[in-house]
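Student: Dropping a structure here in structure tokens format, bear with me for questions.
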Amino acid sequence: MKIKSGFVLRDVCGEQVIMGEGLGALDFGRLLCLNETAAFLWKFAMEQGEFSVDSLSEKLCGEYDVSKEQALADVAQIVDEWKKVNVVE
Amino acid sequence: MTQNMYEVAGIRFAVNLADGLDVLSSRLLDNYAPFVVNDSLGISKIVFEVSVDRQKEKEEFVEDTRQEEEGQTIVCGRNGAGECVFEFLLGEKFTGTLICSRDFKKARVLLNEPSPKFALNNALMIMYALASAQSDAVLFHSAVVTYKNRGYMFLGKSGTGKSTHARLWLAHVDGTELLNDDNPVVRMMPDGAWVYGSPWSGKTPCYKNKGARLGAIVDLKQAPYNKIRPITGIEAYVALLPSISGMRWNKKIADGLHQTENGIAKNVSMFHLDCLPDEAAAKICCETVSAKFESADKCAESANSNKCAEA
């Protein structure tokens with residue numbers, strides 16, 4: 001999957017926030033606040049283009065001291081939220 | 001051709017009227033008169049330049065998106081050369097077209113009877129917003145009053161009663177003056193935020209070439225009671241977003257706007273006001289938003305008080 005075009009990660013008053021700014025995302029109509037882990041994964045997913053729960057989990061294990069199982073569970077939960085608010089396709 | 005040079009909130013632009021339009025210039029540009037600048041050296045400081053002519057044929061372009069509000073429609077798109085094109089409709093009537101160069105420094109405005117002034121004002125507002133977005137200035141949708149040398153801005157969706165609330169201050173708070181009723185400019189300066197009048201003021205002819213230190217921004221919402229509270233951080237940022245127009249699908253412009261919006265949300269006092277359209281709303285609002293300046297101003301008057309030094 002990949003992040004839909006038009007969504008950007010911005011620092012809003014010290015918080016990491018996803019906003020819809022592109023033509024296809026103008027009617028997003030909300031801001032999505034990310035915690036540190038989710039923001040880290042978002043940046044990597046943007047870099048990667050086409051990404052998967054596996055590819056993000058691997059990256060997470062490389063960066064933080066977490067078990068593979070824990071990483072997979074955390075990433076799956078974060079990606080589910082992205083799907084729910086419709087920012088990935 | 002005649003060239004007119006204007007400066008709004010310190011941002012300079014030129015409007016070149018084609019020969020046939022000279023006769024209309026006083027009618028087309030009367031609201032810009034307070035903003036005229038005449039110094040001959042000023043040409044180098046021009047941020048954008050607009051050439052205005054009558055529309056002879058329709059500009060071909062592909063539509064990207066459109067904004068509709070209160071019977072006014074702005075259609076946005078791009079032509080074959082990759083330039084941004086905007087069309088302005090008043091109800092069903094087509095009133096004109098704006099075609100901007102890709103760097104937003106030059107533009108052509110083509111006007112159509114019967115409402116050329118509507119199209120020209122919209123075109124210049126858009127150019128102003130786009131050309132200034134990458135600097136420290138933003139064009140707001142807001143009513144703004146001055147009180148004791150500071151500006152107080154009222155935000156809210158169309159129909160919320162921004163102008164009404166401003167009128168309530170004028171009627172019930174001594175020393176209040178209307179600075180602009182619809183489209184003021186805010187600039188983040190090294191010494192803090194300033195708010196300025198502009199040639200665009202909605203239905204109220206209030207075209208003041210003046211600025212004031214920005215005291216506070218108040219986000220209004222209609223309610224069956226009056227209640228005011230401070231807002232900060234993301235909540236403050238979110239309150240600003242719908243009041244600042246810009247072509248956010250252009251990344252450079254979105255980046256510039258975001259930076260200024262973040263600066264305002266972090267550095268300007270902001271409040272949320274649930275309100276009735278009554279005198280008490282204006283009073284509670286004024287008391288709350290100007291409170292911190294009241295004590296500071298008293299300090300300035302009695303310079304030797306230790307207590308005040310802390311406040």
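Simple scheme: letters A, B, ... for chains in structure tokens order, numbers from 1 for residues in each chain, numbers from 1 for ligands in the order shown.
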Where in stretch 71-233 of chain B does DSSP assign strand (DSSP E), given as a ChimeraX atom specification?

Tutor: /B:72-78,84-90,93-100,106-111,137-139,143-147,150-155,176-180,185-189,192-196,211-222,227-231

Student: With a cut-off of 12 Å and counting only C-alpha atoms, select all residues of chain B in contact with chain A and give the selection as an MDAnalysis selection string.

Tutor: chainID B and resid 63:67 76:77 232:242 246:255 257:267

Student: Using Å and a single decimal, report how far atom CA of B:Arg213 sits from atom CA of B:Val195.

Tutor: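 Separation between atom CA of B:Val195 and atom CA of B:Arg213: 6.3 Å.
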
Student: So how far away is atom CA of B:Lys105 from atom CA of B:Ile46, in Å?

Tutor: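 Computing it gives 8.9 Å between the two atoms.
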
Student: Which residue, B:Ile231, B:Ile11, B:Leu130, B:Cys285, has the smallest gap to B:Ser269 when you use only C-alpha atoms?

Tutor: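 Using only C-alpha atoms, the shortest distance to B:Ser269 belongs to B:Ile231.
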
Student: Can you work out the spacing between atom CA of B:Glu287 and atom CA of B:Tyr152 in Å, to one decimal?

Tutor: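 Rounded to one decimal, the two atoms are 12.0 Å apart.
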
Student: Run DSSP on the backbone and give me the residues of stretch 60-183 of chain B it puts in alpha helix (DSSP H), as a PyMOL selection string.

Tutor: chain B and resi 116-133+162-172

Student: Would you kindly return, as number ranges by chain, each protein, DNA or RNA residue with an atom no farther than 7 Å from any atom of stretch 133-149 of chain B, considering only C-alpha atoms and excluding same-chain residues fewer than 2 positions away?

Tutor: B: 129-131, 151-155, 162-163, 166, 175-188, 212, 243-244, 253, 256-257, 260

Student: Looking at only C-alpha atoms, which of B:Val268, B:Ser290, B:Lys203, B:Gly156 is the one that sits closest to B:Lys221?

Tutor: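 The closest residue to B:Lys221 is B:Gly156.
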